[in-house]
Each structure stands twice: as structure tokens, then as C-alpha cells.
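Colleague: This structure is in C-alpha cells; I'll ask about it shortly.
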Amino acid sequence: MSRIILINFLRFTALLFLQVFLLKNITLYNISTPYLYILFILLLPFETPNWLLFALAFVMGLSIDAFYDTPGLHAAACIVLAFVRILFISITVQQEGFDHEPEPTLSTMGFRWFFTYTLILTLVHHFFLFNLEVFRFSEIPYTLGRFVLSSIFTVFLMLLTGFLFFRRKERK
Amino acid sequence: MRNLLVFITKYNAFFLFLIFEVSALVIYIRYNSFQKATFISSTSQVTGAMYTQVNGLKSYLSLSEVNDSLARENARLRNQLKTSFYKDSSVRRQVKDTFYKQQYTFIEAKVINNSTNRSTNYLTIDRGSRQGIAKGMGVICGAGLVGKVVYVGDHLSIVQSLLHKDSRFSAMLAKGKELGYIEWSDDLDPHKGILKDVSNNAQPKLGEQVVTSDYSLFPAGIPIGKISNLHTRAGGYTLNMEVSLAVDFSKLQYVEVVVNKLASEQAGLEAQEKKNE
């Protein structure tokens, strides 16, 4: 138990710093920005109680907001993300009986499930984030462009991270 | 009552979602006016200190560019020194100058946090109210106009850069002196601005300089950019034109905050006038 807490705490700080000191400065053609920090929320163990999941998502969002000077924006997007995560896991995991797996990582869940999982959740988070940030209908095409390209970039980085920390022995 | 509790526990995810989402949105809407964002922002103790640390490391990477720009600015300033002018008359007089008094002073500051890729971009600088910075002061750098101070902490302040959808500064054409105002372009390109509401009499040319006007927060004549396209959306009785900005916002390292000695007097007078009306 304490090991899980420690791992998640380290993951929280590492992703937070990676996001605000490195990825914040990376923008492809001024349109595609990665938000890798949501990987923290995606990788929380399956058994995390709902209230804790929401609380952690809220804290993560606010910490990012503190560095991005956008109080509330990332927090709101992260809460939506946490809600969709609960829905997605309740739909897919019970049906296929993954209940004994501790964490939804690439190495335990396999590529197909993990790819769908990250893709859908990233799309929801980014869609909410970009539209809430702009908050206007007049720039819809531009916002959608940013949303799609940024999502691709983020999912790419997530899969890359997944393979980087791939542990063979956990694979069934 | 019991049924209600059962209902709530069964769908607890949804109710938790509602509670957290509403609180996040309240924070977003309440503090989005930014001037009020006192507790979650990069002027706060923790995040400010971290940004200062990391920025200390990063500034080494662009030392040569900073050196170049400083050297260029030095040369420009030296050109304005009295000693670099040739004296034409042979009579030497000492005049104690009481006619000119300094109106503007400049406080140099270092940029410790910066963004250019959002629709609302801000810089954080390492000078605050202790060093004499106040809300509403203009900010420039060696290359030209940067923005204005919107929030002041003790040691740090936040500058709303020209790359912000609400930024608007009074500007004019350098040659013709026709007034207009400068805004960021709609497509969020960090190198482009739009000069709006220039009167139809003006005859702007491609490549003509756009500078700050006498009515702005800045001394008149601070460069903003050059006209890059004349045929953007005609606005009826006025002309709009595209400006390629002089400042490369993604590489800002050092800026200067403009302190206008007469600003408070002007603001006081104008407030009085409004009251009388």
C-alpha cells in the first residue's frame, strides 16, 4: 500500500515538473501543445475510491494552473477527465474481467486497451480544455485544429512513456 | 430519505463530479479577471521561487543573443550621448537646464516566466512593488513594445503582453503620425499584430514603421513593428493593416518598465473631469 502511494507521489511531482518546465515551452508550429501531466490521473490504480480520484485530479489541475496562471481551467478539465475515466473503466474492465490488475499501465493492460483508453480520455480532456480556454464560438476551426493536433501529440508522448517504463514480467 | 441516500451512494461518481466541477468552474470564472488572482498564480511564493530557479539555469543558454542585443542597444544609446555630437559653435556656455525635466524613468527587469502559445499570454518579471512598480505601467524591451503591468506582488509582477486578446495600445504611423491602435492578430500568430482605426487620409506604405503614440503609456516613438500587409479587412471609414511585430516574444529575457512621473497627475485630473460631467 505504502509503495503504491510513494510511486504515485513520485509520478505526480515528476509529471508536474516535466509539464511546467519542459513541455510548457514545446509547441509545434504554434498549434500543437502536449499536456502529458494527465497521465498521472490515467495511471491511478483501479481500486482508487471515487472521492480520492476526484480530489487528486482537482489537486493536479490546480497545481498546473498555479504555474500556467489560469486558476480553475486545468482543474475543471481534469475533473471531467476523472469522470470519463470512471465511466470508461466501469464499462470495459468489468466486462473483460481485469479486476485483479492493480494499475492501468501499458504493460499490464496490453497495447489495444491502453491505446483506446488514452486516446478517448485525452480527446475528452483536450476538447474541454481548449474550448473552455477560448470560450468563443468564432474561433471554432482554429480551436478544433489545436485540439486534434495537441491530442495526437499528447497520446504519442503517453505511448512513448508507456513503452519506456514497459515491464515484461507483468505481461500475461 | 433512505431511498435518497441509496440513490446518492449508487451514483456517487456523478455527484462528486458535479461538486468538483462546479467548484473548479467557480474558481475559473471568479479569478479569471486575473487582477484578483492573488493566491493561485506565478507571483505566489512557491511557484515564483521555482520559476526564478529554473530561469537562472535557462538564461545561460541564450547568453550570446542577450549579449548581442545589449551591445546593439549600447551602441544606439551611445549615439544619443552629448559627447558623440560634434560642436558647431565655438562659444561654450553652460546652461542649467530647467526647461526639460525627466518625465519617464525605466526600471530594468528580468523575465522569469513567459508564454506565447495561448490566447491570453502573460509574462512574469522579477520586480515588484518594493522596486517601485505599480499596476498599469507600460513595459518595453530593446526591440520595442511588450505590454503592460496588470498585477503587482512584493517582488514579482505580471505583465499582460501584447499577445493577449484584450490588449490594445495607442499607436501611430512613424512618418505620417496618423493615430490608430494596435491589437494582436486574430489567428494567434505571435509575430503579427493589427493596426486598426487609422484615418482614411493616411497613405501607409509597406514596411513603414509603426510606433507608440503620445497618448499611450509609453514615451512616443517606441517601435512596435513594420507594416507587412495593407489589404486586410477594410473597416469602412478607417483603414486596418497588418503589422509584423518588432519584438520576438518567445525570446524575451530582459524588459524595462516605464515609470511615467506624470501618470498619477493625469489620471487624477481625468477622473476629476469625469466626476464633473
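Every chain in the C-alpha cells takes a letter, A first, then B, and so on in the order presented; its residues are numbered from 1, and the ligands are numbered from 1 following the presented order.
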Find the residues in chain B near chain A: any atom within 8 Å counts, using only C-alpha atoms. Write them as a list in words.
Modeller: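 Listing them in order of chain and number gives Asn12, Ala13, Phe14, Leu16, Phe17, Phe20, Glu21, Ala24, Leu25, Val26, Ile27, Tyr28, Ile29, Tyr31, Asn32, Ala37, Ile40, Ser41, Ser42, Thr47, Val54, Ser115, Asn117, Ser119, Asp187 and Asp189 of chain B.
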Colleague: Just the selected residues (C-alpha atoms), exported as an mmCIF file, in the first residue's frame, please.
Modeller:
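Output below, filename again24.cif:
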```cif
data_model
loop_
_atom_site.group_PDB
_atom_site.id
_atom_site.type_symbol
_atom_site.label_atom_id
_atom_site.label_comp_id
_atom_site.auth_asym_id
_atom_site.auth_seq_id
_atom_site.Cartn_x
_atom_site.Cartn_y
_atom_site.Cartn_z
ATOM 1 C CA ASN B 12 -21.695 8.829 -6.129
ATOM 2 C CA ALA B 13 -19.311 9.334 -9.046
ATOM 3 C CA PHE B 14 -21.753 11.643 -10.754
ATOM 4 C CA LEU B 16 -18.789 14.008 -6.813
ATOM 5 C CA PHE B 17 -18.230 15.055 -10.394
ATOM 6 C CA PHE B 20 -15.794 19.267 -8.027
ATOM 7 C CA GLU B 21 -16.666 20.545 -11.479
ATOM 8 C CA ALA B 24 -13.421 24.354 -10.451
ATOM 9 C CA LEU B 25 -15.608 26.444 -12.721
ATOM 10 C CA VAL B 26 -16.341 28.891 -9.913
ATOM 11 C CA ILE B 27 -12.616 29.355 -9.394
ATOM 12 C CA TYR B 28 -12.128 29.746 -13.144
ATOM 13 C CA ILE B 29 -14.824 32.372 -13.583
ATOM 14 C CA TYR B 31 -10.465 34.550 -10.716
ATOM 15 C CA ASN B 32 -10.277 34.728 -14.452
ATOM 16 C CA ALA B 37 -5.861 36.061 -8.927
ATOM 17 C CA ILE B 40 -3.047 30.747 -7.488
ATOM 18 C CA SER B 41 -0.562 32.328 -9.838
ATOM 19 C CA SER B 42 3.091 32.553 -10.636
ATOM 20 C CA THR B 47 5.796 28.861 -7.901
ATOM 21 C CA VAL B 54 14.817 27.335 -13.387
ATOM 22 C CA SER B 115 4.170 32.206 -22.803
ATOM 23 C CA ASN B 117 1.048 29.974 -27.406
ATOM 24 C CA SER B 119 -4.951 33.227 -26.430
ATOM 25 C CA ASP B 187 -5.170 33.997 -35.716
ATOM 26 C CA ASP B 189 0.295 34.295 -34.589
#
```
Colleague: As a PyMOL selection string, please: every residue in region 21-85 of chain A that DSSP puts in helix (DSSP H, G or I).
Modeller: chain A and resi 21-25+36-42+50-68+73-85
Colleague: Taking only region 17-257 of chain B into account, list the residues labelled strand (DSSP E or B) by DSSP (computed from the backbone), as an NGL selection string.
Modeller: :B and (104-114 or 120-125 or 138-140 or 145-152 or 157-164 or 169-173 or 179-184 or 192-199 or 209-212 or 223-229 or 235 or 238-245 or 254-257)
Colleague: Could you give me, as an mmCIF file with C-alpha atoms, in the first residue's frame, the residues within 10 Å of Phe115 (chain A), counting only C-alpha atoms and dropping anything in the same chain fewer than 4 positions from it?
Modeller:
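Resulting contents of around_34.cif:
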```
data_model
loop_
_atom_site.group_PDB
_atom_site.id
_atom_site.type_symbol
_atom_site.label_atom_id
_atom_site.label_comp_id
_atom_site.auth_asym_id
_atom_site.auth_seq_id
_atom_site.Cartn_x
_atom_site.Cartn_y
_atom_site.Cartn_z
ATOM 1 C CA LEU A 106 0.592 -0.348 -20.885
ATOM 2 C CA MET A 109 -3.352 -3.998 -19.953
ATOM 3 C CA GLY A 110 -1.847 -4.533 -23.383
ATOM 4 C CA PHE A 111 -1.482 -2.136 -26.258
ATOM 5 C CA LEU A 119 -6.983 8.247 -26.864
ATOM 6 C CA ILE A 120 -10.554 8.661 -25.641
ATOM 7 C CA VAL A 155 -1.181 10.435 -26.961
ATOM 8 C CA PHE A 156 2.112 9.918 -28.770
ATOM 9 C CA MET A 158 1.890 8.810 -23.451
ATOM 10 C CA LEU A 159 2.538 5.708 -25.533
#
```
Colleague: I'd like the contact shell of Pro204 (chain B) - 9 Å cut-off, only C-alpha atoms, skipping same-chain residues fewer than 3 positions apart - returned as a short mmCIF file (atom, residue, chain, number, x, y, z; two decimals) with C-alpha atoms, in the first residue's frame.
Modeller:
```
data_model
loop_
_atom_site.label_atom_id
_atom_site.label_comp_id
_atom_site.auth_asym_id
_atom_site.auth_seq_id
_atom_site.Cartn_x
_atom_site.Cartn_y
_atom_site.Cartn_z
CA LEU B 173 2.49 55.57 -38.21
CA LYS B 175 6.07 59.06 -40.85
CA GLY B 176 2.53 60.35 -41.15
CA GLY B 207 7.50 48.37 -44.46
CA GLU B 208 6.68 51.66 -42.78
CA ILE B 227 3.52 47.22 -41.86
CA LEU B 230 -2.14 46.70 -46.35
CA MET B 241 -3.39 46.94 -41.64
#
```
Colleague: Pick out the residues sitting within 7 Å of Tyr122 (chain B), and hand them over as a ChimeraX atom specification; count only C-alpha atoms, and ignore anything fewer than 4 positions along from it in its own chain.
Modeller: /B:114-115,158-161
Colleague: Output the selection as a JSON list (two decimals), in the first residue's frame - N, CA and C atoms for each residue.
Modeller:
```json
[["chain", "number", "residue", "atom", "x", "y", "z"],
["B", 114, "ASN", "N", 7.09, 33.09, -19.14],
["B", 114, "ASN", "CA", 6.66, 33.68, -20.40],
["B", 114, "ASN", "C", 5.85, 32.67, -21.17],
["B", 115, "SER", "N", 4.87, 33.13, -21.91],
["B", 115, "SER", "CA", 4.17, 32.21, -22.80],
["B", 115, "SER", "C", 3.78, 32.95, -24.05],
["B", 158, "ILE", "N", 3.17, 40.69, -12.85],
["B", 158, "ILE", "CA", 2.70, 40.00, -14.05],
["B", 158, "ILE", "C", 2.36, 41.04, -15.10],
["B", 159, "VAL", "N", 2.85, 40.79, -16.31],
["B", 159, "VAL", "CA", 2.66, 41.71, -17.42],
["B", 159, "VAL", "C", 1.75, 41.05, -18.44],
["B", 160, "GLN", "N", 0.70, 41.76, -18.82],
["B", 160, "GLN", "CA", -0.14, 41.27, -19.90],
["B", 160, "GLN", "C", 0.53, 41.67, -21.20],
["B", 161, "SER", "N", 0.99, 40.69, -21.97],
["B", 161, "SER", "CA", 1.78, 41.04, -23.14],
["B", 161, "SER", "C", 0.85, 41.49, -24.27]]
```
Colleague: Which residue, A:Leu157, A:Leu149, A:Leu129, A:Leu164, has the smallest gap to Leu23 (chain A) when you use only C-alpha atoms?
Modeller: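 Smallest distance to Leu23 (chain A) is found for A:Leu157.
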Colleague: What is the CA of Arg2 (chain B) to CA of Arg85 (chain A) distance in Å?
Modeller: 28.7 Å
Colleague: Just the residues within 12 Å of Met1 (chain A), please, counting only C-alpha atoms, with nothing from its chain fewer than 6 positions along; format it as a list in words.
Modeller: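 Residues meeting the cut-off are Ile7, Asn8, Pro45, Glu47, Thr48 and Pro102 of chain A.
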Colleague: Create the file for the chosen residues now, containing C-alpha atoms and written as a tab-separated table (two decimals), in the first residue's frame.
Modeller:
```
chain	number	residue	atom	x	y	z
A	7	ILE	CA	5.02	5.62	-6.59
A	8	ASN	CA	2.04	7.85	-7.27
A	45	PRO	CA	-4.83	2.26	-9.51
A	47	GLU	CA	-9.22	0.50	-6.74
A	48	THR	CA	-8.87	4.23	-6.09
A	102	PRO	CA	-3.50	-3.04	-9.91
```
Colleague: One decimal, in Å: what's the spacing between CA of Val247 (chain B) and CA of Ala267 (chain B)?
Modeller: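 Between these atoms lies a distance of 28.6 Å.
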Colleague: Contacts of Ser244 (chain B) at 6 Å or less, counting only C-alpha atoms, minus same-chain residues fewer than 3 places along, as a PyMOL selection string?
Modeller: chain B and resi 191-192+225-226+228
Colleague: Would you write out those residues with C-alpha atoms, as a PDB file, in the first residue's frame?
Modeller:
```pdb
ATOM      1  CA  HIS B 191       4.674  37.631 -34.866  1.00  0.00           C
ATOM      2  CA  LYS B 192       1.652  39.519 -36.146  1.00  0.00           C
ATOM      3  CA  GLY B 225       6.654  46.773 -35.819  1.00  0.00           C
ATOM      4  CA  LYS B 226       6.528  47.277 -39.563  1.00  0.00           C
ATOM      5  CA  SER B 228       3.516  43.873 -43.620  1.00  0.00           C
TER       6      SER B 228
END
```
Colleague: Kindly give the distance, in Å, that separates CA of Asn276 (chain B) and CA of Met137 (chain B), rounded to a single decimal.
Modeller: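 Result for CA of Asn276 (chain B) versus CA of Met137 (chain B): 26.2 Å, one decimal.
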Colleague: Can you work out which one of A:Phe9, A:Tyr35, A:Phe40, A:Phe114 has the shortest atom-to-atom distance to Phe153 (chain A), counting only C-alpha atoms?
Modeller: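 Selected residue with least distance to Phe153 (chain A): A:Tyr35.
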